[in-house]
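Here is the structure we will look at.
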Amino acid sequence: MSSRPSLRREERIAQNEAWTRSLNERRATWAGGHGPQAGFRCECWQDDCVERIPLSGEQWEIVRARANQFAIAPGHVARDCEVVRKEWPHFWLVEKIGRAGEIAAQLDDSPEA
């Protein structure tokens with residue numbers, strides 16, 4: 001019974017991050033991957049987050065290499081369902097784990113997925 005609220009939270013987090021990822025994918029397509037780009041949305045778990053982060057084309061490719069990875073503002077980690085894989089000064093790369101990671105992969109609608 002105590003695992004139900006946790007699953008709902010993981011599902012909500014994964015849904016929010018997948019939505020933000022789709023917005024960022026549109027931005028990356030529009031920008032064409034030329035140099036550092038400001039204005040990418042933080043892909044963190046917080047549905048009211050308004051942080052923007054700059055990503056280069058290379059950094060974008062690193063983030064999108066796996067369906068369960070996301071670019072977040074430093075410190076915006078949901079430690080119960082993701083781990084930090086790499087830290088840059090202006091953003092961190094996190095990987096969803098457990099059920100949240102499975103959901104994130106299922107919701108990835110990028111062409112590589």
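To be explicit about the labels: the chains of the structure tokens are called A, B, and onward in the order shown, and within each one the residues are counted from 1, while ligands get numbers from 1 in the order they are shown.
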
Practice task
Please provide as a ChimeraX atom specification all residues within 10 Å of segment 75-80 of chain A, with the sequence filter that same-chain residues fewer than 4 positions apart are discarded (counting only C-alpha atoms).
Solution key: /A:6,10,13,42-46,49,51,71,84,87,91-98,100

Using N, CA and C atoms, can you export the residues from the last selection as a short mmCIF file (atom, residue, chain, number, x, y, z; two decimals), in the first residue's frame?
data_model
loop_
_atom_site.label_atom_id
_atom_site.label_comp_id
_atom_site.auth_asym_id
_atom_site.auth_seq_id
_atom_site.Cartn_x
_atom_site.Cartn_y
_atom_site.Cartn_z
N SER A 6 4.28 6.34 -4.16
CA SER A 6 5.59 6.46 -4.78
C SER A 6 5.50 6.25 -6.28
N GLU A 10 6.44 8.92 -9.21
CA GLU A 10 7.37 8.61 -10.29
C GLU A 10 6.72 8.81 -11.65
N ILE A 13 6.41 12.58 -12.28
CA ILE A 13 7.72 13.14 -12.59
C ILE A 13 8.13 12.78 -14.01
N CYS A 42 14.74 23.67 -18.24
CA CYS A 42 15.21 22.67 -17.29
C CYS A 42 14.22 21.51 -17.35
N GLU A 43 14.75 20.29 -17.49
CA GLU A 43 13.90 19.10 -17.61
C GLU A 43 13.72 18.39 -16.27
N CYS A 44 13.70 19.16 -15.21
CA CYS A 44 13.61 18.57 -13.88
C CYS A 44 12.20 18.10 -13.54
N TRP A 45 12.06 17.52 -12.38
CA TRP A 45 10.83 16.93 -11.91
C TRP A 45 9.79 17.97 -11.49
N GLN A 46 10.19 19.21 -11.27
CA GLN A 46 9.30 20.23 -10.74
C GLN A 46 8.41 20.79 -11.86
N CYS A 49 8.92 24.62 -12.59
CA CYS A 49 10.27 25.13 -12.81
C CYS A 49 10.31 26.04 -14.04
N GLU A 51 13.46 27.56 -14.87
CA GLU A 51 14.89 27.73 -15.18
C GLU A 51 15.16 27.46 -16.65
N ALA A 71 18.43 16.92 -19.02
CA ALA A 71 19.26 18.08 -18.67
C ALA A 71 18.50 18.91 -17.65
N VAL A 84 22.68 11.73 -10.70
CA VAL A 84 23.46 12.65 -11.49
C VAL A 84 24.58 11.87 -12.16
N GLU A 87 28.16 16.63 -14.25
CA GLU A 87 27.86 18.00 -13.89
C GLU A 87 28.68 18.96 -14.75
N PHE A 91 24.56 23.16 -16.20
CA PHE A 91 23.51 22.14 -16.15
C PHE A 91 24.09 20.81 -15.70
N TRP A 92 23.21 19.95 -15.23
CA TRP A 92 23.59 18.59 -14.84
C TRP A 92 22.84 17.60 -15.72
N LEU A 93 23.48 16.49 -15.99
CA LEU A 93 22.87 15.38 -16.71
C LEU A 93 22.42 14.35 -15.68
N VAL A 94 21.12 14.04 -15.68
CA VAL A 94 20.60 13.04 -14.75
C VAL A 94 20.03 11.86 -15.53
N GLU A 95 20.05 10.72 -14.88
CA GLU A 95 19.46 9.51 -15.45
C GLU A 95 18.36 9.04 -14.53
N LYS A 96 17.18 8.85 -15.10
CA LYS A 96 16.06 8.29 -14.35
C LYS A 96 16.35 6.83 -14.06
N ILE A 97 15.96 6.38 -12.90
CA ILE A 97 16.17 4.99 -12.51
C ILE A 97 14.84 4.39 -12.05
N GLY A 98 14.81 3.07 -11.98
CA GLY A 98 13.62 2.38 -11.50
C GLY A 98 12.43 2.60 -12.42
N ALA A 100 10.53 5.18 -12.78
CA ALA A 100 10.57 6.47 -13.49
C ALA A 100 11.41 6.37 -14.75
#

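Within 10 Å of Ala14 of chain A, once only C-alpha atoms are used and residues closer than 2 positions along the same chain are dropped, the contacting residues are A:Arg8, A:Arg9, A:Glu10, A:Glu11, A:Arg12, A:Asn16, A:Glu17, A:Ala18, A:Trp19, A:Thr20, A:Glu43, A:Cys44, A:Trp45, A:Asn68, A:Cys81, A:Lys96, A:Arg99, A:Ala100, A:Gly101, A:Glu102, A:Ile103, A:Ala104, A:Ala105, A:Gln106, A:Leu107.
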
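Closest approach to Leu55 of chain A from the set A:Arg21, A:Pro74, A:Val83, A:His90 is made by A:His90, with distances taken over only C-alpha atoms.
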
Problem - Atom pair atom CA of Phe40 of chain A / atom CA of Gln15 of chain A: separation (Å) - result: 17.7 Å

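Across the model, the gap from atom CA of Asp47 of chain A to atom CA of Glu61 of chain A is 23.9 Å.
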